[in-house]
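> Please see the structure below; I have some questions.
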Number of protein chains: 2
Amino acid sequence: MRTSLNPDVLAALDALAPREFVQIYLVACGGSLSIMHPGKFVLDRHAPMLPADVVNAAEFVLRAPARLGPGALVILCSQTGTTRETVAAAEFARARGAATLALTMEPASPLGRAVDHVLRYAAPYTTGTPIDPADSNYAVLYMLLAGFLRQRGGPDLTLPLLASLAALGPVIEGAKSRLAPRFDAFAARVKDVPVVYTMASGVNWGAAYSFAICVLMEMQWIGSQAIHAGEFFHGPFEVVDRHACFILLVGLDATRPAEERARAFLHRFGDPANVLDLDARTLEPGGLAEPWRAYLMPLVFFDALWDFAYRLARLRGQPMLTGRRYMKKITDY
Amino acid sequence: MRTSLNPDVLAALDALAPREFVQIYLVACGGSLSIMHPGKFVLDRHAPMLPADVVNAAEFVLRAPARLGPGALVILCSQTGTTRETVAAAEFARARGAATLALTMEPASPLGRAVDHVLRYAAPYTTGTPIDPADSNYAVLYMLLAGFLRQRGGPDLTLPLLASLAALGPVIEGAKSRLAPRFDAFAARVKDVPVVYTMASGVNWGAAYSFAICVLMEMQWIGSQAIHAGEFFHGPFEVVDRHACFILLVGLDATRPAEERARAFLHRFGDPANVLDLDARTLEPGGLAEPWRAYLMPLVFFDALWDFAYRLARLRGQPMLTGRRYMKKITDY
């Protein structure tokens with residue numbers, strides 16, 4: 001296992017050390033924004049000294065928060081580094097005097113060039129090559145936040161993070177093989193339905209959001225929505241009948257009771273065959289160390305669900321990455 | 001017009017005056033949570049001294065943010081004051097030493113009794129009686145925030161707020177009558193479709209969210225999702241075809257360009273007849289004063305859309321408030 005945070009993270013932390021911060025902004029779009037929600041969860045749980053906001057990049061620039069200034073640390077993310085709104089957000093933040101960091105696969109990209117410090121990460125989906133989960137966007141973001149907490153007088157959570165990242169690969173692979181039969185059955189069940197909702201709370205909400213918007217809507221053109229498990233009971237649950245289809249994440253973080261409550265409702269009033277509820281407790285996360293065991297579950301869920309997505313795509317005859325009609329096909333919007 | 005903030009607001013502000021705050025939490029569920037998003041928007045724009053978070057009440061208690069303590073002001077909302085998660089959030093916040101305020105119609109309710117200070121409001125929908133918009137949940141929340149900003153060395157925005165609230169009734173009524181023909185046409189268009197998305201950004205996002213979850217999903221059992229206009233281009237837009245149905249709010253706040261961009265896309269790639277885009281510029285908001293003109297638009301949109309909801313409900317033969325199958329029908333979930 002790694003015995004220290006990755007070099008990009010250490011270099012960024014060194015550069016930030018002399019500065020005082022009163023606000024963190026986590027800024028991106030779509031799938032890259034989805035990882036910022038668990039980032040905020042970690043800060044909310046462990047950083048009494050620093051408030052954190054998660055904001056879509058276009059909204060960030062237009063909203064122009066009054067707290068954005070030299071006391072702000074702005075952490076951005078874009079896989080290719082070319083997302084226009086995110087590049088604009090980086091330039092905007094830097095012009096306001098904020099410190100800017102970007103997670104990206106492409107340090108030489110417009111985003112990489114627009115920020116003070118670049119944190120490289122790897123992703124398996126674009127290349128098809130397996131990666132070390134310690135090189136993923138989640139891992140790099142968590143290393144940054146763990147190092148930042150340690151630097152700012154918060155708890156030192158870096159060692160359990162590094163141990164957990166070293167143990168993560170087998171947990172993800174185990175989850176995929178354990179869930180494969182349920183993925184096949186659920187894909188057959190929902191391949192022709194107009195809407196599949198996703199649901200989670202706490203640290204898992206971002207993964208539910210990403211699967212809804214980047215996979216179901218974007219790549220399969222299936223109606224979807226990420227419903228917060230606590231909000232579910234205040235409107236959305238009225239759509240539940242024997243035909244309603246849900247993917248529910250039941251994690252290990254402090255908000256698990258909210259996800260369990262939603263599961264009980266879905267099993268009681270829906271058709272359990274139309275509910276794909278993934279329970280982290282069944283995914284043998286024993287090698288992961290507290291508190292990161294819970295915080296790494298969205299990555300486990302999302303990577304596993306990617307396998308489900310491919311099974312669904314095959315049944316529907318709509319390939320995953322080439323099935324888009326607008327994204328990367330037209331640019332003048 | 002009123003010449004000062006309402007008595008509940010003034011009493012709460014007086015009591016808060018000696019205390020120092022480093023964090024505001026805006027906490028509720030469902031429709032009551034939806035008004036907290038514009039509340040945060042106002043604070044983000046005008047309160048460099050205070051960060052604000054919007055959190056579902058169940059999530060709030062389970063997440064147990066590290067910044068929740070004597071330096072936190074927690075503003076809660078529940079129409080009946082009986083929402084269990086919100087009452088629990090108030091008790092939790094108070095036990096942590098935070099200052100607690102509740103907006104509710106029922107001061108004697110469990111929520112009213114659980115907090116330090118109650119701010120009463122009125123709602124037209126439960127009683128069917130017209131109300132003065134200055135007594136609405138939006139108005140009371142905005143009066144509280146305007147008074148708080150003034151008290152904490154921020155800008156004094158109270159006079160334009162009071163002037164705007166006095167002018168609001170005719171703007172809402174004008175919007176309803178101007179939009180009636182479009183509401184009828186769109187209701188006929190979507191009465192049998194499985195999914196109607198809502199979309200907005202900035203100060204209007206909460207109204208889009210509330211209409212999706214509390215009206216379309218809860219009362220009409222129509223699949224829905226509130227899509228952020230900036231996030232739309234990073235996944236959700238791939239569901240757009242000539243059959244996709246959208247309700248889009250185009251407001252007057254700083255994020256209007258994001259909503260305009262989404263509108264242009266929907267008109268280009270969707271069927272304009274399947275897009276109900278409400279543009280604040282066409283709703284004659286001239287009597288409203290800056291900066292509240294923009295901030296009051298979600299209330300105008302939402303109240304007007306309530307008329308659309310009733311038209312849709314009639315065409316579908318599913319009454320609005322009696323059409324629920326779980327909410328207020330069963331309680332053991």
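Following the order of the structure tokens, first chain is A, next is B, and so on, with residues numbered from 1 inside each chain and ligands from 1 in the order they appear.
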Could you list, as number ranges by chain, every residue within 10 Å of Val215 of chain B, counting only C-alpha atoms and ignoring same-chain residues fewer than 6 positions away?

A: 235-236; B: 31, 209, 221-222, 224, 305-306, 309-310, 313, 320-321

> Those same residues - C-alpha atoms - I'd like them written as an mmCIF file, in the first residue's frame.


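Generated file (again_1.cif):
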```
data_model
loop_
_atom_site.group_PDB
_atom_site.id
_atom_site.type_symbol
_atom_site.label_atom_id
_atom_site.label_comp_id
_atom_site.auth_asym_id
_atom_site.auth_seq_id
_atom_site.Cartn_x
_atom_site.Cartn_y
_atom_site.Cartn_z
ATOM 1 C CA GLY A 235 -43.726 13.961 -2.140
ATOM 2 C CA PRO A 236 -41.835 11.514 -4.351
ATOM 3 C CA GLY B 31 -42.081 21.724 -0.013
ATOM 4 C CA TYR B 209 -38.079 21.275 -7.164
ATOM 5 C CA TRP B 221 -48.340 10.587 -9.597
ATOM 6 C CA ILE B 222 -46.556 11.806 -12.714
ATOM 7 C CA SER B 224 -40.856 14.130 -12.562
ATOM 8 C CA LEU B 305 -48.180 27.001 -11.490
ATOM 9 C CA TRP B 306 -50.635 26.002 -8.793
ATOM 10 C CA ALA B 309 -51.817 22.035 -11.450
ATOM 11 C CA TYR B 310 -55.562 22.361 -10.854
ATOM 12 C CA ALA B 313 -55.814 17.606 -12.163
ATOM 13 C CA MET B 320 -55.135 17.611 -6.080
ATOM 14 C CA LEU B 321 -55.231 17.413 -2.315
#
```

> Could you write out, as a VMD selection string, all the residues of segment 86-290 of chain B that DSSP marks as helix (DSSP H, G or I)?

chain B and resid 86 to 95 110 to 114 124 to 127 133 to 135 137 to 151 158 to 190 202 to 217 232 to 234 236 to 239 256 to 269 272 to 274 280 to 283

> Any chance you could dump chain A, least-squares fitted to chain B on all C-alpha atoms in order, as a CSV table (one decimal) with C-alpha atoms, in the first residue's frame?


```csv
chain,number,residue,atom,x,y,z
A,1,MET,CA,-47.8,48.8,2.7
A,2,ARG,CA,-46.1,47.5,5.9
A,3,THR,CA,-43.5,49.9,7.1
A,4,SER,CA,-41.6,47.4,9.3
A,5,LEU,CA,-40.8,43.7,9.4
A,6,ASN,CA,-43.5,41.6,11.0
A,7,PRO,CA,-43.7,41.4,14.8
A,8,ASP,CA,-42.6,37.7,15.0
A,9,VAL,CA,-39.5,38.5,12.9
A,10,LEU,CA,-38.6,41.6,15.0
A,11,ALA,CA,-39.0,39.7,18.2
A,12,ALA,CA,-36.8,36.8,17.0
A,13,LEU,CA,-34.1,39.3,15.7
A,14,ASP,CA,-34.1,41.1,19.1
A,15,ALA,CA,-33.5,37.9,20.9
A,16,LEU,CA,-30.7,36.9,18.5
A,17,ALA,CA,-29.0,40.2,18.7
A,18,PRO,CA,-26.5,39.5,21.5
A,19,ARG,CA,-25.4,36.2,19.9
A,20,GLU,CA,-22.5,35.6,17.5
A,21,PHE,CA,-23.1,33.2,14.6
A,22,VAL,CA,-20.7,31.5,12.2
A,23,GLN,CA,-23.1,29.3,10.4
A,24,ILE,CA,-26.7,29.2,9.2
A,25,TYR,CA,-28.6,26.0,8.6
A,26,LEU,CA,-31.8,26.0,6.7
A,27,VAL,CA,-33.6,22.8,7.5
A,28,ALA,CA,-36.9,21.3,6.5
A,29,CYS,CA,-38.5,18.6,4.3
A,30,GLY,CA,-40.1,18.6,0.9
A,31,GLY,CA,-42.1,21.7,0.0
A,32,SER,CA,-40.9,23.5,3.1
A,33,LEU,CA,-37.3,22.7,2.2
A,34,SER,CA,-37.9,24.1,-1.3
A,35,ILE,CA,-38.1,27.7,0.0
A,36,MET,CA,-34.8,27.3,1.8
A,37,HIS,CA,-32.9,27.2,-1.5
A,38,PRO,CA,-33.9,30.8,-2.4
A,39,GLY,CA,-33.1,31.7,1.2
A,40,LYS,CA,-29.6,30.4,0.7
A,41,PHE,CA,-29.4,32.2,-2.6
A,42,VAL,CA,-30.1,35.5,-0.9
A,43,LEU,CA,-27.5,34.9,1.8
A,44,ASP,CA,-24.9,33.7,-0.8
A,45,ARG,CA,-25.4,36.9,-2.7
A,46,HIS,CA,-25.4,39.4,0.2
A,47,ALA,CA,-23.8,37.8,3.3
A,48,PRO,CA,-20.0,37.5,3.0
A,49,MET,CA,-19.9,37.0,6.8
A,50,LEU,CA,-22.1,33.9,7.1
A,51,PRO,CA,-22.1,30.6,5.2
A,52,ALA,CA,-25.5,28.9,4.8
A,53,ASP,CA,-26.4,25.3,4.2
A,54,VAL,CA,-29.8,23.8,3.1
A,55,VAL,CA,-30.3,20.4,4.5
A,56,ASN,CA,-33.2,17.9,4.6
A,57,ALA,CA,-34.2,17.5,8.2
A,58,ALA,CA,-33.6,13.7,8.4
A,59,GLU,CA,-30.2,14.1,6.8
A,60,PHE,CA,-29.4,17.0,9.2
A,61,VAL,CA,-29.8,14.9,12.3
A,62,LEU,CA,-28.0,11.9,11.0
A,63,ARG,CA,-25.2,13.8,9.3
A,64,ALA,CA,-24.8,15.8,12.5
A,65,PRO,CA,-22.6,18.5,11.0
A,66,ALA,CA,-19.4,19.3,13.0
A,67,ARG,CA,-20.3,23.0,12.7
A,68,LEU,CA,-23.6,22.6,14.5
A,69,GLY,CA,-23.2,24.2,17.9
A,70,PRO,CA,-23.7,27.4,19.8
A,71,GLY,CA,-22.4,29.3,16.8
A,72,ALA,CA,-25.1,28.0,14.5
A,73,LEU,CA,-28.5,29.6,13.7
A,74,VAL,CA,-30.9,26.9,12.6
A,75,ILE,CA,-34.0,28.0,10.7
A,76,LEU,CA,-36.6,25.3,10.2
A,77,CYS,CA,-40.0,25.2,8.5
A,78,SER,CA,-43.1,23.0,8.6
A,79,GLN,CA,-46.5,24.1,7.6
A,80,THR,CA,-48.4,22.1,10.2
A,81,GLY,CA,-45.4,22.0,12.6
A,82,THR,CA,-45.9,18.2,12.9
A,83,THR,CA,-43.3,17.0,10.4
A,84,ARG,CA,-41.5,14.4,12.5
A,85,GLU,CA,-38.0,14.8,11.0
A,86,THR,CA,-38.2,18.6,11.3
A,87,VAL,CA,-39.3,18.5,14.9
A,88,ALA,CA,-36.4,16.1,15.6
A,89,ALA,CA,-34.0,18.4,13.9
A,90,ALA,CA,-35.1,21.3,16.0
A,91,GLU,CA,-34.6,19.3,19.2
A,92,PHE,CA,-31.3,18.1,18.0
A,93,ALA,CA,-30.1,21.6,17.1
A,94,ARG,CA,-31.3,23.0,20.4
A,95,ALA,CA,-29.5,20.3,22.4
A,96,ARG,CA,-26.3,21.2,20.6
A,97,GLY,CA,-26.7,24.8,21.7
A,98,ALA,CA,-27.7,26.3,18.4
A,99,ALA,CA,-30.3,29.1,18.2
A,100,THR,CA,-33.5,27.7,16.6
A,101,LEU,CA,-36.3,29.5,14.7
A,102,ALA,CA,-39.3,27.9,13.1
A,103,LEU,CA,-41.6,29.0,10.3
A,104,THR,CA,-44.9,27.4,10.8
A,105,MET,CA,-48.7,28.1,10.5
A,106,GLU,CA,-49.1,26.5,14.0
A,107,PRO,CA,-47.2,28.1,16.8
A,108,ALA,CA,-48.7,25.5,19.3
A,109,SER,CA,-47.5,22.6,17.2
A,110,PRO,CA,-44.6,20.3,18.2
A,111,LEU,CA,-42.2,22.2,16.0
A,112,GLY,CA,-43.4,25.5,17.5
A,113,ARG,CA,-42.8,24.2,21.0
A,114,ALA,CA,-39.4,22.7,20.1
A,115,VAL,CA,-37.8,26.0,19.0
A,116,ASP,CA,-36.6,29.2,20.6
A,117,HIS,CA,-38.8,31.5,18.4
A,118,VAL,CA,-41.8,30.9,16.2
A,119,LEU,CA,-42.4,32.9,13.0
A,120,ARG,CA,-46.0,32.4,11.9
A,121,TYR,CA,-47.0,32.4,8.2
A,122,ALA,CA,-50.1,31.8,6.2
A,123,ALA,CA,-50.8,29.6,3.1
A,124,PRO,CA,-53.7,29.8,0.7
A,125,TYR,CA,-53.8,26.2,-0.4
A,126,THR,CA,-54.9,24.5,2.8
A,127,THR,CA,-57.7,26.9,3.5
A,128,GLY,CA,-58.7,28.0,0.0
A,129,THR,CA,-58.8,31.6,1.4
A,130,PRO,CA,-56.6,34.2,-0.4
A,131,ILE,CA,-53.8,35.5,1.7
A,132,ASP,CA,-51.6,38.6,1.7
A,133,PRO,CA,-48.4,37.4,0.0
A,134,ALA,CA,-46.6,39.4,2.8
A,135,ASP,CA,-47.8,36.6,5.2
A,136,SER,CA,-46.5,33.7,3.1
A,137,ASN,CA,-43.6,31.5,4.0
A,138,TYR,CA,-41.3,33.1,1.4
A,139,ALA,CA,-42.1,36.6,2.7
A,140,VAL,CA,-41.5,35.7,6.3
A,141,LEU,CA,-38.3,33.9,5.5
A,142,TYR,CA,-37.1,36.9,3.4
A,143,MET,CA,-38.1,39.4,6.2
A,144,LEU,CA,-36.1,37.3,8.6
A,145,LEU,CA,-33.0,37.2,6.4
A,146,ALA,CA,-33.2,40.9,5.4
A,147,GLY,CA,-33.5,41.8,9.1
A,148,PHE,CA,-30.6,39.5,10.0
A,149,LEU,CA,-28.4,41.0,7.2
A,150,ARG,CA,-29.1,44.5,8.5
A,151,GLN,CA,-28.4,43.4,12.1
A,152,ARG,CA,-25.1,41.8,11.1
A,153,GLY,CA,-23.5,44.6,9.2
A,154,GLY,CA,-24.7,43.5,5.8
A,155,PRO,CA,-26.8,45.7,3.4
A,156,ASP,CA,-30.1,47.0,4.6
A,157,LEU,CA,-32.6,45.5,2.1
A,158,THR,CA,-35.7,45.7,4.2
A,159,LEU,CA,-37.4,48.7,2.6
A,160,PRO,CA,-37.3,47.4,-0.9
A,161,LEU,CA,-38.5,44.1,0.4
A,162,LEU,CA,-41.5,45.6,2.2
A,163,ALA,CA,-42.3,47.7,-0.9
A,164,SER,CA,-42.1,44.5,-3.1
A,165,LEU,CA,-44.3,42.5,-0.8
A,166,ALA,CA,-47.0,45.2,-1.0
A,167,ALA,CA,-46.9,45.0,-4.8
A,168,LEU,CA,-46.7,41.3,-5.0
A,169,GLY,CA,-50.4,40.3,-5.0
A,170,PRO,CA,-51.2,42.0,-8.4
A,171,VAL,CA,-48.1,40.5,-10.0
A,172,ILE,CA,-49.2,37.0,-9.0
A,173,GLU,CA,-52.8,37.5,-10.1
A,174,GLY,CA,-51.6,39.1,-13.3
A,175,ALA,CA,-49.3,36.1,-14.0
A,176,LYS,CA,-52.2,33.7,-13.4
A,177,SER,CA,-54.6,35.4,-15.8
A,178,ARG,CA,-51.9,36.0,-18.5
A,179,LEU,CA,-50.7,32.4,-18.3
A,180,ALA,CA,-54.2,30.8,-18.2
A,181,PRO,CA,-54.4,30.0,-22.0
A,182,ARG,CA,-51.0,28.5,-22.0
A,183,PHE,CA,-51.8,26.5,-18.9
A,184,ASP,CA,-54.9,25.0,-20.5
A,185,ALA,CA,-53.0,24.1,-23.7
A,186,PHE,CA,-50.1,22.5,-21.8
A,187,ALA,CA,-52.3,20.6,-19.5
A,188,ALA,CA,-54.1,19.1,-22.5
A,189,ARG,CA,-50.7,18.2,-24.0
A,190,VAL,CA,-49.2,16.4,-20.9
A,191,LYS,CA,-52.2,14.9,-19.2
A,192,ASP,CA,-51.3,11.4,-20.3
A,193,VAL,CA,-47.5,11.5,-20.5
A,194,PRO,CA,-45.4,9.5,-18.0
A,195,VAL,CA,-42.8,12.1,-17.2
A,196,VAL,CA,-42.8,15.9,-17.0
A,197,TYR,CA,-39.5,17.5,-16.0
A,198,THR,CA,-39.1,20.8,-14.3
A,199,MET,CA,-36.0,23.0,-14.7
A,200,ALA,CA,-34.6,26.2,-13.3
A,201,SER,CA,-31.4,27.6,-11.7
A,202,GLY,CA,-30.4,30.1,-9.0
A,203,VAL,CA,-33.2,31.5,-6.9
A,204,ASN,CA,-35.9,29.6,-8.9
A,205,TRP,CA,-34.5,26.1,-8.4
A,206,GLY,CA,-36.5,25.5,-5.2
A,207,ALA,CA,-39.8,26.3,-7.0
A,208,ALA,CA,-39.0,23.9,-9.8
A,209,TYR,CA,-38.1,21.3,-7.2
A,210,SER,CA,-41.2,21.8,-5.2
A,211,PHE,CA,-43.5,21.6,-8.2
A,212,ALA,CA,-41.8,18.4,-9.3
A,213,ILE,CA,-42.0,16.6,-6.0
A,214,CYS,CA,-45.0,18.1,-4.2
A,215,VAL,CA,-47.4,18.6,-7.2
A,216,LEU,CA,-46.5,16.4,-10.1
A,217,MET,CA,-45.2,13.4,-8.2
A,218,GLU,CA,-47.2,13.7,-4.9
A,219,MET,CA,-50.6,14.9,-6.1
A,220,GLN,CA,-50.6,13.7,-9.7
A,221,TRP,CA,-48.3,10.6,-9.6
A,222,ILE,CA,-46.6,11.8,-12.7
A,223,GLY,CA,-42.9,11.0,-13.0
A,224,SER,CA,-40.8,14.1,-12.5
A,225,GLN,CA,-37.5,15.6,-11.7
A,226,ALA,CA,-36.3,19.1,-11.0
A,227,ILE,CA,-33.2,19.5,-13.2
A,228,HIS,CA,-30.8,22.2,-12.5
A,229,ALA,CA,-30.4,24.3,-15.8
A,230,GLY,CA,-26.6,24.2,-15.5
A,231,GLU,CA,-26.6,20.4,-14.8
A,232,PHE,CA,-29.0,19.8,-17.7
A,233,PHE,CA,-26.1,19.9,-20.2
A,234,HIS,CA,-24.1,17.2,-18.4
A,235,GLY,CA,-26.4,14.2,-18.8
A,236,PRO,CA,-30.1,15.0,-18.5
A,237,PHE,CA,-30.4,16.8,-21.9
A,238,GLU,CA,-29.9,13.4,-23.6
A,239,VAL,CA,-33.5,12.5,-22.8
A,240,VAL,CA,-34.7,15.4,-25.0
A,241,ASP,CA,-36.6,14.4,-28.1
A,242,ARG,CA,-39.8,15.7,-29.7
A,243,HIS,CA,-41.9,13.9,-27.0
A,244,ALA,CA,-40.0,15.1,-23.9
A,245,CYS,CA,-42.1,17.5,-21.7
A,246,PHE,CA,-40.6,20.2,-19.7
A,247,ILE,CA,-41.7,23.1,-17.4
A,248,LEU,CA,-38.9,25.7,-17.4
A,249,LEU,CA,-38.6,28.8,-15.2
A,250,VAL,CA,-36.7,31.7,-16.7
A,251,GLY,CA,-36.2,34.2,-14.0
A,252,LEU,CA,-34.6,37.6,-13.3
A,253,ASP,CA,-31.8,36.7,-11.0
A,254,ALA,CA,-28.1,36.5,-11.9
A,255,THR,CA,-28.4,32.9,-13.2
A,256,ARG,CA,-30.9,33.8,-15.9
A,257,PRO,CA,-28.4,33.1,-18.6
A,258,ALA,CA,-28.3,29.4,-17.5
A,259,GLU,CA,-32.1,29.2,-17.8
A,260,GLU,CA,-32.0,30.9,-21.2
A,261,ARG,CA,-29.4,28.5,-22.5
A,262,ALA,CA,-31.6,25.6,-21.4
A,263,ARG,CA,-34.6,27.2,-23.1
A,264,ALA,CA,-32.7,27.6,-26.4
A,265,PHE,CA,-31.8,24.0,-26.3
A,266,LEU,CA,-35.3,22.8,-25.6
A,267,HIS,CA,-36.8,24.9,-28.4
A,268,ARG,CA,-34.1,23.6,-30.8
A,269,PHE,CA,-34.2,19.9,-30.1
A,270,GLY,CA,-37.5,19.4,-28.4
A,271,ASP,CA,-41.0,20.3,-29.5
A,272,PRO,CA,-41.8,23.8,-28.3
A,273,ALA,CA,-45.4,22.7,-27.7
A,274,ASN,CA,-44.1,20.3,-25.1
A,275,VAL,CA,-42.2,23.1,-23.3
A,276,LEU,CA,-44.0,25.3,-20.8
A,277,ASP,CA,-41.4,28.0,-20.4
A,278,LEU,CA,-42.4,30.8,-18.0
A,279,ASP,CA,-40.4,33.9,-18.5
A,280,ALA,CA,-40.5,36.4,-15.6
A,281,ARG,CA,-40.0,39.3,-18.1
A,282,THR,CA,-43.4,38.6,-19.5
A,283,LEU,CA,-45.1,38.7,-16.1
A,284,GLU,CA,-44.9,42.5,-15.5
A,285,PRO,CA,-42.9,42.4,-12.2
A,286,GLY,CA,-42.3,46.1,-12.5
A,287,GLY,CA,-43.8,47.0,-9.1
A,288,LEU,CA,-41.2,44.8,-7.4
A,289,ALA,CA,-38.0,46.6,-6.3
A,290,GLU,CA,-34.5,45.4,-6.7
A,291,PRO,CA,-33.0,43.1,-5.6
A,292,TRP,CA,-36.2,41.4,-4.4
A,293,ARG,CA,-37.8,41.5,-7.8
A,294,ALA,CA,-35.6,38.6,-8.8
A,295,TYR,CA,-35.9,36.8,-5.5
A,296,LEU,CA,-39.7,36.9,-5.4
A,297,MET,CA,-40.1,35.3,-8.8
A,298,PRO,CA,-40.1,31.7,-7.4
A,299,LEU,CA,-43.1,32.6,-5.4
A,300,VAL,CA,-44.8,34.1,-8.4
A,301,PHE,CA,-43.9,31.1,-10.5
A,302,PHE,CA,-45.1,28.6,-7.9
A,303,ASP,CA,-48.3,30.4,-7.2
A,304,ALA,CA,-49.1,30.6,-10.9
A,305,LEU,CA,-48.2,27.0,-11.5
A,306,TRP,CA,-50.6,26.0,-8.8
A,307,ASP,CA,-53.3,27.2,-11.2
A,308,PHE,CA,-51.8,25.0,-13.9
A,309,ALA,CA,-51.8,22.0,-11.4
A,310,TYR,CA,-55.6,22.4,-10.8
A,311,ARG,CA,-56.2,22.5,-14.6
A,312,LEU,CA,-54.1,19.4,-15.1
A,313,ALA,CA,-55.8,17.6,-12.2
A,314,ARG,CA,-59.2,18.2,-13.7
A,315,LEU,CA,-58.2,16.9,-17.0
A,316,ARG,CA,-56.7,13.8,-15.4
A,317,GLY,CA,-59.6,13.3,-13.1
A,318,GLN,CA,-57.2,13.1,-10.1
A,319,PRO,CA,-58.1,15.7,-7.5
A,320,MET,CA,-55.1,17.6,-6.1
A,321,LEU,CA,-55.2,17.4,-2.3
A,322,THR,CA,-57.3,14.2,-1.9
A,323,GLY,CA,-55.3,12.3,-4.5
A,324,ARG,CA,-52.6,11.0,-2.2
A,325,ARG,CA,-52.4,7.3,-1.3
A,326,TYR,CA,-49.8,7.4,1.5
A,327,MET,CA,-49.3,11.0,2.8
A,328,LYS,CA,-51.7,11.7,5.6
A,329,LYS,CA,-53.4,8.3,4.8
A,330,ILE,CA,-51.0,6.0,6.6
A,331,THR,CA,-48.6,6.9,9.3
A,332,ASP,CA,-46.6,3.8,10.2
A,333,TYR,CA,-43.7,4.3,7.8
```
